[in-house]
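What follows is a set of notes on a single structure, which appears directly below.
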Amino acid sequence: MKILFVGEIIAGSGRRTVARVLPDIIKEHTPDLVLANAENMSGGRGITEDNVAEMQQLGIDYFTGGDHIFWRAGTDEIIDRLPIIRPANYPEGTPGKGFAEIDAGKSGKVLLINLMGRTSFSSVFSYLDDPFRKADQILEQTEDTKYSAIVVDFHAESTSEKMALAFYLDGRVDAVLGTHTHVPTCDGMVMPKGTIYISDVGMTGIIDSVLGVNKEIIIQLFLTARNQRFEWENTGRKAFRSVLLNTETKSIERVDKLI
Ligand SMILES: [Fe+2]
Ligand SMILES: [Fe+2]
């Protein structure tokens with residue numbers, strides 16, 4: 001099946017980019033399922049119900065999360081009823097779900113898994129469970145179900161951790177797609193046992209920024225060695241970043257658009 005995965009949608013500018021670009025991409029590539037990482041979708045960090053609904057209207061079927069998914073107050077109360085998963089290796093008892101079975105109509109059922117890395121994150125994330133063993137557990141728990149595709153969004157900073165997980169899951173899942181760095185990579189490939197991999201899908205939003213944040217603020221951070229209050233950039237050139245997978249022919253291609 002053909003799956004389009006859209007990289008992290010950053011704030012209003014990212015959502016406007018999706019609105020401008022995605023309908024034509026769907027027409028051109030006719031994916032069976034459209035997924036997107038939503039951790040930065042509302043105000044730059046976190047999600048709102050309205051923004052999720054707005055993106056569904058544009059054709060995104062299901063969403064994944066990451067370290068910023070619980071940023072906004074009240075997320076604990078809404079996350080269970082939204083078409084979104086958060087990293088599965090959050091501690092036991094965390095609201096929301098770490099994987100989901102998605103009904104893709106005539107294409108069958110898709111298992112979508114979200115995991116988060118533990119390398120080079122702030123120290124609070126060292127309390128996450130091991131993403132490798134968590135993946136084993138989920139695959140064991142779901143082994144009796146026949147899926148058309150199993151897709152993992154591995155939200156991680158370190159490319160070594162991402163590649164290691166992809167090799168660890170090679171042949172057991174259809175795709176391991178990296179998110180979190182906001183920088184697209186060109187290393188899309190099929191691993192020896194057939195799993196499709198890319199280190200990072202990249203972000204959808206303003207590229208005249210440092211990873212979505214106003215560039216002057218980040219330059220000041222480096223010049224002064226002092227934390228700065230982040231503001232998300234809202235002017236400049238925009239990029240739509242995504243990858244298109246074909247799980248039958250085993251292929252991955254970048255579908256990017258600059259506007
Ligand atoms: Fe992000
Ligand atoms: Fe992130």
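By order of appearance in the structure tokens: chains A, B, ..., then residues from 1 within every chain, and ligands from 1 in the order shown.
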
**OP:** Pick out the residues sitting within 12 Å of A:Ser126, and hand them over as a list in words; count only C-alpha atoms, and ignore anything fewer than 5 positions along from it in its own chain.
**Re:**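 The contact residues come out as Asp67, Asn89, Tyr90, Pro91, Met116, Gly117, Arg118, Thr119, Ser120, Phe121 and Pro131 of chain A.
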
Could you make a table, as a tab-separated table, of the residues of chain A that have an atom within 7 Å of an atom of ligand 1, each with its nearest atom pair and distance in Å to one decimal, counting only C-alpha atoms and all ligand atoms, in chain and number order?
residue	atom	partner	partner_atom_place_in_ligand_line	distance
A:Glu8	CA	ligand 1	1 (Fe)	5.9
A:Glu39	CA	ligand 1	1 (Fe)	5.9
A:Asn40	CA	ligand 1	1 (Fe)	5.5
A:His68	CA	ligand 1	1 (Fe)	6.9
A:His180	CA	ligand 1	1 (Fe)	4.5
A:Thr181	CA	ligand 1	1 (Fe)	6.6
A:His182	CA	ligand 1	1 (Fe)	6.1

Output for the residues just chosen: N, CA and C atoms as a compact mmCIF listing (two decimals), in the first residue's frame:
# COMPACT_ATOMS: atom_id res chain seq x y z
N GLU A 8 6.80 16.79 10.83
CA GLU A 8 6.26 17.68 11.86
C GLU A 8 5.68 18.99 11.31
N GLU A 39 3.37 16.85 16.85
CA GLU A 39 3.80 17.34 18.17
C GLU A 39 3.99 18.86 18.23
N ASN A 40 4.21 19.51 17.07
CA ASN A 40 4.40 20.97 17.05
C ASN A 40 3.25 21.70 16.37
N HIS A 68 7.02 16.88 22.64
CA HIS A 68 6.20 18.07 22.91
C HIS A 68 4.70 17.80 22.92
N HIS A 180 11.67 14.43 14.65
CA HIS A 180 12.16 15.24 15.78
C HIS A 180 13.22 16.27 15.43
N THR A 181 14.16 15.99 14.52
CA THR A 181 15.22 16.99 14.31
C THR A 181 14.72 18.17 13.48
N HIS A 182 13.59 18.01 12.79
CA HIS A 182 13.02 19.03 11.90
C HIS A 182 13.87 19.23 10.63

**OP:** Could the residues that lie within 12 Å of ligand 2, counting only C-alpha atoms and all ligand atoms, be listed as an MDAnalysis selection string?
**Re:** chainID A and resid 7:10 37:41 44:46 64:71 86:87 114:118 120:122 125 153:158 178:183 200 202:203 211:212

Original post:
How many Å separate atom CA of A:Phe99 from atom CA of A:Ile113?
Top reply: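 Distance reported for this atom pair: 4.3 Å.
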
Subject >> Per-residue DSSP, stretch 178-230 of chain A, filtered to helix (DSSP H, G or I), as a VMD selection string >> reply: chain A and resid 215 to 224

Output of the above residues as a short mmCIF file (atom, residue, chain, number, x, y, z; two decimals), in the first residue's frame, restricted to N, CA and C atoms:
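As written to disk, selection_15.cif reads:
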data_model
loop_
_atom_site.label_atom_id
_atom_site.label_comp_id
_atom_site.auth_asym_id
_atom_site.auth_seq_id
_atom_site.Cartn_x
_atom_site.Cartn_y
_atom_site.Cartn_z
N LYS A 215 14.86 33.01 13.94
CA LYS A 215 16.31 32.78 13.87
C LYS A 215 17.12 33.74 14.75
N GLU A 216 16.64 35.00 14.90
CA GLU A 216 17.38 35.98 15.72
C GLU A 216 17.45 35.52 17.18
N ILE A 217 16.37 34.92 17.63
CA ILE A 217 16.31 34.43 19.02
C ILE A 217 17.36 33.33 19.23
N ILE A 218 17.45 32.44 18.27
CA ILE A 218 18.39 31.32 18.43
C ILE A 218 19.84 31.81 18.26
N ILE A 219 20.04 32.79 17.38
CA ILE A 219 21.39 33.36 17.24
C ILE A 219 21.79 33.99 18.59
N GLN A 220 20.86 34.71 19.23
CA GLN A 220 21.15 35.31 20.54
C GLN A 220 21.49 34.24 21.59
N LEU A 221 20.77 33.15 21.52
CA LEU A 221 21.03 32.04 22.47
C LEU A 221 22.49 31.59 22.36
N PHE A 222 22.95 31.44 21.13
CA PHE A 222 24.33 30.98 20.94
C PHE A 222 25.34 32.08 21.27
N LEU A 223 24.98 33.34 20.96
CA LEU A 223 25.93 34.44 21.24
C LEU A 223 26.08 34.73 22.73
N THR A 224 25.00 34.53 23.49
CA THR A 224 25.01 34.94 24.90
C THR A 224 25.14 33.76 25.85
#

Subject >> Selected residue of minimal separation from A:Glu92 among A:Ala225, A:Ala149, A:Leu128, A:Val52, counting only C-alpha atoms >> reply: A:Leu128

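Nearest to A:Asp80 of all the residues A:Gly59, A:Gly14, A:Gly171, A:Gly98 is A:Gly98, based on only C-alpha atoms.
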
Original post:
Hey, which of A:Asn234, A:Ser199, A:Gln56, A:Thr30 ends up closest to A:Val176? Count only C-alpha atoms.
Top reply: A:Ser199

Original post:
Using only C-alpha atoms, which residues sit within 9 Å of stretch 138-141 of chain A once same-chain residues fewer than 2 positions away are excluded, as JSON, numbers by chain?
Top reply: {"A": [88, 99, 113, 133, 134, 135, 136, 143, 144, 172, 173]}

**OP:** Would you kindly return, as a ChimeraX atom specification, each protein, DNA or RNA residue with an atom no farther than 12 Å from any atom of A:Val18, considering only C-alpha atoms and excluding same-chain residues fewer than 5 positions away?
**Re:** /A:6-13,23-26,34,36,38,41,51,54-60,203-206,238-242,256-259

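Using only C-alpha atoms, the shortest contact distance between A:Arg72 and any of A:Gly194, A:Gly188, A:Gly43, A:Pro31 is found at A:Gly43.
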
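Rounded to one decimal, atom CA of A:Gly96 and atom CA of A:Phe5 lie 20.8 Å from each other.
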
Original post:
Suppose you want the space between atom CA of A:Glu49 and atom CA of A:Thr17; what is it in Å?
Top reply: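 Going from atom CA of A:Glu49 over to atom CA of A:Thr17, I get 18.8 Å.
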